[in-house]
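Structure, as structure tokens:
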Amino acid sequence: MIPADIVEFVHGPQIALIGTRGASLRPTSARTVGLIAGPASDTISIVVPEATGARTFENLTNNGRIALIVSEFPSHRTYQFKGTCLDIGPCSADQNAVRNLYLEKLDARMREYLWVKPPAGYIERLLVDPSRVIRLRIETIFDQTPGPNAGQPLPFKPSGGP
Amino acid sequence: MKMAVRAQIPEMLMPALQGMLPANITTCSLAGEPNTTELSQVYYVDDHHVALSFQFFNKTIRNVRENPYVSVLLIHPENWDNWRLDLRYIRSETSAPLFDDMDMKLEVIASMTGMKGIFKLRAADVYEVLAIELLNDQRR
């Protein structure tokens with residue numbers, strides 16, 4: 001299971017990006033607009049807008065490998081989650097509501113802490129439907145906070161089920 | 001909706017190459033494992049090349065030495081548009097003028113982000129720009 005402090009961290013809200021790769025090993029970065037860590041499981045549901053996620057979805061259909069980076073500001077505390085895509089599905093009404101709340105909280109946080117503030121109405125611009133939900137089954141978690149421990153795996157053991 | 005533009009850095013992208021907001025880089029090992037992380041600096045070299053700050057001997061660097069293709073995500077600091085660059089690694093530079101200019105800018109970025117003493121430029125890695133996309137996911 002994902003450690004409780006990591007679940008809390010993921011729900012931050014934090015800035016998160018997903019990395020995938022295609023059949024030719026060419027990688028693709030994409031921004032996420034919401035994360036939901038499954039309680040008592042090894043999964044994180046990653047919300048990605050269809051408008052910008054086409055290459056990500058295509059890559060995952062090809063091979064399913066995922067790297068997800070989740071970063072907190074201003075602390076720079078950062079984790080990378082690696083694993084496999086279990087499935088990709090439509091964003092439900094409940095998941096959309098979570099996404100909306102996630103982005104609202106993220107917007108408030110960015111306005112408080114970032115020295116380059118987002119433009120007015122930025123979050124409203126991100127609330128573009130439809131989105132899809134990628135379910136990531138985590139295999140390894142890495143500490144990626146800049147500093148001497150960057151790149152070190154956390155003592156996480158997958159439970160073997162979603 | 002996305003708009004593909006030819007692989008020449010457009011004028012409208014230039015503010016996103018000032019290091020005001022962190023970028024993101026995804027690489028892939030030859031074994032097929034993607035890796036993604038934050039990137040402090042994407043530096044304009046010329047209309048077809050950028051340089052990325054190589055700060056740590058980490059998975060990103062190991063992957064790039066195996067597989068030269070990377071994907072970089074940038075945020076425009078004024079309108080916060082997202083841009084995605086497909087790049088191919090060409091070479092590393094460790095001397096003036098490119099290295100010195102990036103080193104000086106990295107000092108400024110480190111100071112502004114509370115990372116002074118942690119960020120250290122090891123090399124300026126030069127990449128060819130293969131493709132540029134404006135990820136127009138935002139309502140207008």
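Here's how to read the names in the structure tokens: chain A, B, ... by the order shown, residue numbers from 1 in each chain, ligand numbers from 1 in the order shown.
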
When you look at Ile90 in chain B with a cut-off of 9 Å (counting only C-alpha atoms), what residues show up, excluding the ones that are within fewer than 4 positions of it in the same chain? I need them as a JSON list (two decimals) with N, CA and C atoms, in the first residue's frame.
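The file below, selection_9.json, is the result:
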[["chain", "number", "residue", "atom", "x", "y", "z"],
["B", 68, "PRO", "N", 18.90, 9.38, -27.05],
["B", 68, "PRO", "CA", 19.04, 10.85, -27.08],
["B", 68, "PRO", "C", 17.74, 11.62, -27.17],
["B", 125, "ASP", "N", 23.97, 20.93, -21.88],
["B", 125, "ASP", "CA", 23.70, 19.90, -22.87],
["B", 125, "ASP", "C", 22.88, 20.50, -24.02],
["B", 126, "VAL", "N", 23.43, 20.42, -25.21],
["B", 126, "VAL", "CA", 22.81, 21.04, -26.38],
["B", 126, "VAL", "C", 21.95, 20.00, -27.11],
["B", 127, "TYR", "N", 20.73, 20.43, -27.43],
["B", 127, "TYR", "CA", 19.76, 19.55, -28.10],
["B", 127, "TYR", "C", 19.24, 20.20, -29.38],
["B", 128, "GLU", "N", 18.99, 19.36, -30.38],
["B", 128, "GLU", "CA", 18.30, 19.81, -31.59],
["B", 128, "GLU", "C", 16.79, 19.78, -31.33]]

Within 9 Å of chain A: residues of chain B, using only C-alpha atoms, as number ranges by chain
B: 1-2, 20-21, 24-38, 58-59, 67-73, 77-80, 82, 84, 86, 112-115, 118-119, 135-140

Near Lys116 in chain B, counting only C-alpha atoms, which residues have an atom at most 10 Å away, once you skip same-chain residues fewer than 6 positions from it, shown as a VMD selection string?
chain B and resid 106 to 110

Which parts of range 115-151 of chain A does DSSP call strand (DSSP E or B) when run on the backbone here, written out as a PyMOL selection string?
chain A and resi 131-143

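If you look at CA of Val7 in chain A and CA of Leu35 in chain A, they are 9.9 Å away from each other.
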
For Lys105 in chain B, list every protein, DNA or RNA residue within 10 Å, evaluated using only C-alpha atoms, and leave out those in the same chain fewer than 3 positions away; present the list as a ChimeraX atom specification.
/B:18-19,40-41,43,99-102,108-111

Taking the chain letters and numbering used in this document, name the residues of range 7-123 of chain A that DSSP puts in helix (DSSP H, G or I), as a PyMOL selection string.
chain A and resi 7-10+50-62+93-113+122-123

What is the CA of Phe9 in chain A-CA of Glu72 in chain A distance in Å, reported with one decimal?
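That distance, rounded to one decimal, is 8.2 Å.
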
Need the shell around Ser92 in chain A: protein/DNA/RNA residues with any atom at most 12 Å away, counting only C-alpha atoms. Skip same-chain ones fewer than 6 positions apart. Format as a ChimeraX atom specification?
/A:45,47,98-99,129-133

By how many Å are CA of Pro13 in chain A and CA of Lys105 in chain A apart?
6.4 Å
